[in-house]
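Asks: Starting off with a structure, shown below.
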Amino acid sequence: MSSSTAALKLFDLIQSHRVTAVIYVAAELGIAELLRDGARSLDQLTEATGADRQALGRLLTALSTVGLCSRVDADRYSLTEIGAALDSSAEKSFKAWAIFEGDMLFKSWHGLLETIMTGKTAAHLLGARNSFDLMARTPSNVGMFNAAMADLTRFVTPDVLDAYDFGRIDRLMDVGGGSGELIGAVARKYPHVQGIVFDLPRCEEAATLHLQRAGVSDRTSFTAGDFFEAIPNLAAAIILKSVIHDWNDERSSVILQNCRRALPEHGTLLLVERMIPEAPGTSDEDRAHAMSDLNMLPPFIQPAASASSRRAFAEAVAWVVVLHTLQGRPLASISRTSSRVCSARLPPEASSPKTEARLSRALSTVRCGQWAGELHSCSLSFSP
Ligand SMILES: C[S@@+](CC[C@H](N)C(=O)[O-])C[C@H]1O[C@@H](n2cnc3c(N)ncnc32)[C@H](O)[C@@H]1O
């Protein structure tokens with residue numbers, strides 16, 4: 001690569017926040033929804049959005065250059081396949097995430113320099129205990145965050161449903177389940193499953209509405225509480241998705257110990273987390289993982305969190321890590337043998353044909369990354 005090419009590549013990377021801004025504005029203006037049924041002219045889009053005609057034209061040109069729209073003739077625009085994912089009604093929509101990224105995350109990433117210099121999170125720098133407490137100061141942020149998480153969860157839910165047979169569970173509690181996206185999907189697929197969403201009281205309204213819309217409110221409910229205080233004993237299985245990654249080892253242990261207390265002796269714990277490769281390269285996927293890891297730092301991770309604890313909950317390829325508890329003891333040692341296959345060794349005391357069969361069923365569905373031993377101190381730990 002010549003020095004000019006390298007410098008231009010850097011120049012392009014430096015300006016990448018502009019792409020976020022353009023997509024954010026398109027999401028706020030509902031451009032994807034306006035183009036859902038076919039191409040529309042700049043005049044029509046101007047009238048529908050109330051935007052400045054000339055500025056909107058430039059926005060549409062910019063959107064075309066990043067592949068979200070295309071210009072079909074002199075001044076008509078249509079949506080591309082990528083742009084269609086900005087429509088809130090798309091099956092795999094990232095509209096709410098675009099708004100969260102362009103509004104809330106954009107602001108918190110502005111404090112990255114101070115965070116890197118001090119090791120303090122954005123929430124700590126603003127005098128809050130953590131990002132969830134900080135969010136509570138601006139109620140509209142809670143809605144924005146919940147909606148964004150629902151986008152992401154909706155996206156990975158087919159993987160989760162593929163990876164694990166929830167048919168063997170009667171009552172499932174989603175701890176930190178937000179607005180109920182995952183429980184709604186599990187309950188829809190498994191008509192016998194009773195589901196509980198456990199989260200802070202501020203999620204109740206959104207979760208109740210979502211579960212009603214999903215048509216499963218007769219079998220699902222919301223229970224408010226604080227997972228650092230106590231988790232109610234309401235289900236034989238607990239699922240935690242994108243929860244553990246928010247906290248350092250000590251806080252994660254408290255959550256998991258409370259899960260252990262809430263579960264019956266032969267209860268099941270399911271963790272769904274995204275993992276970061278040990279040595280990320282420059283692929284788009286690795287970059288997304290590394291940025292997500294860094295994103296956890298400004299708003300989420302407590303200063304004491306170690307890098308390895310964040311890595312420990314990352315997964316290179318798939319999003320699904322499904323792990324069982326067995327009487328509160330580690331069920332198995334799990335080690336990765338390739339990006340999608342892992343092997344497992346049962347601790348001697350847990351070894352029996354029945355548990356081995358159960359484990360092998362569980363592991364055949366696990367697409368597990370490297371599992372480091374960061375949770376050793378708690379009763380649900382798994383050895384590396
Ligand atoms: C990253 S979100 C994950 C939401 C959901 N599991 C998902 O994947 O879409 C973390 C969730 O933990 C919840 N949470 C944070 N602190 C909590 C606490 N102390 N007790 C209960 N829930 C909490 C938040 O409200 C939020 O819904």
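Each chain in the structure tokens gets a letter, A, B and so on, in the order shown; residues start at 1 in every chain, and ligands are counted from 1 in the order they appear.
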Please identify all protein, DNA and RNA residues within 9 Å of ligand 1, counting only C-alpha atoms and all ligand atoms, and report them as number ranges by chain.

Replies: A: 130-133, 142, 145-154, 174-182, 198-203, 224-231, 239-246, 255, 272-273

Asks: What does the distance from atom CA of Val193 of chain A to atom CA of Asn258 of chain A come to in Å, to one decimal?

Replies: 22.5 Å
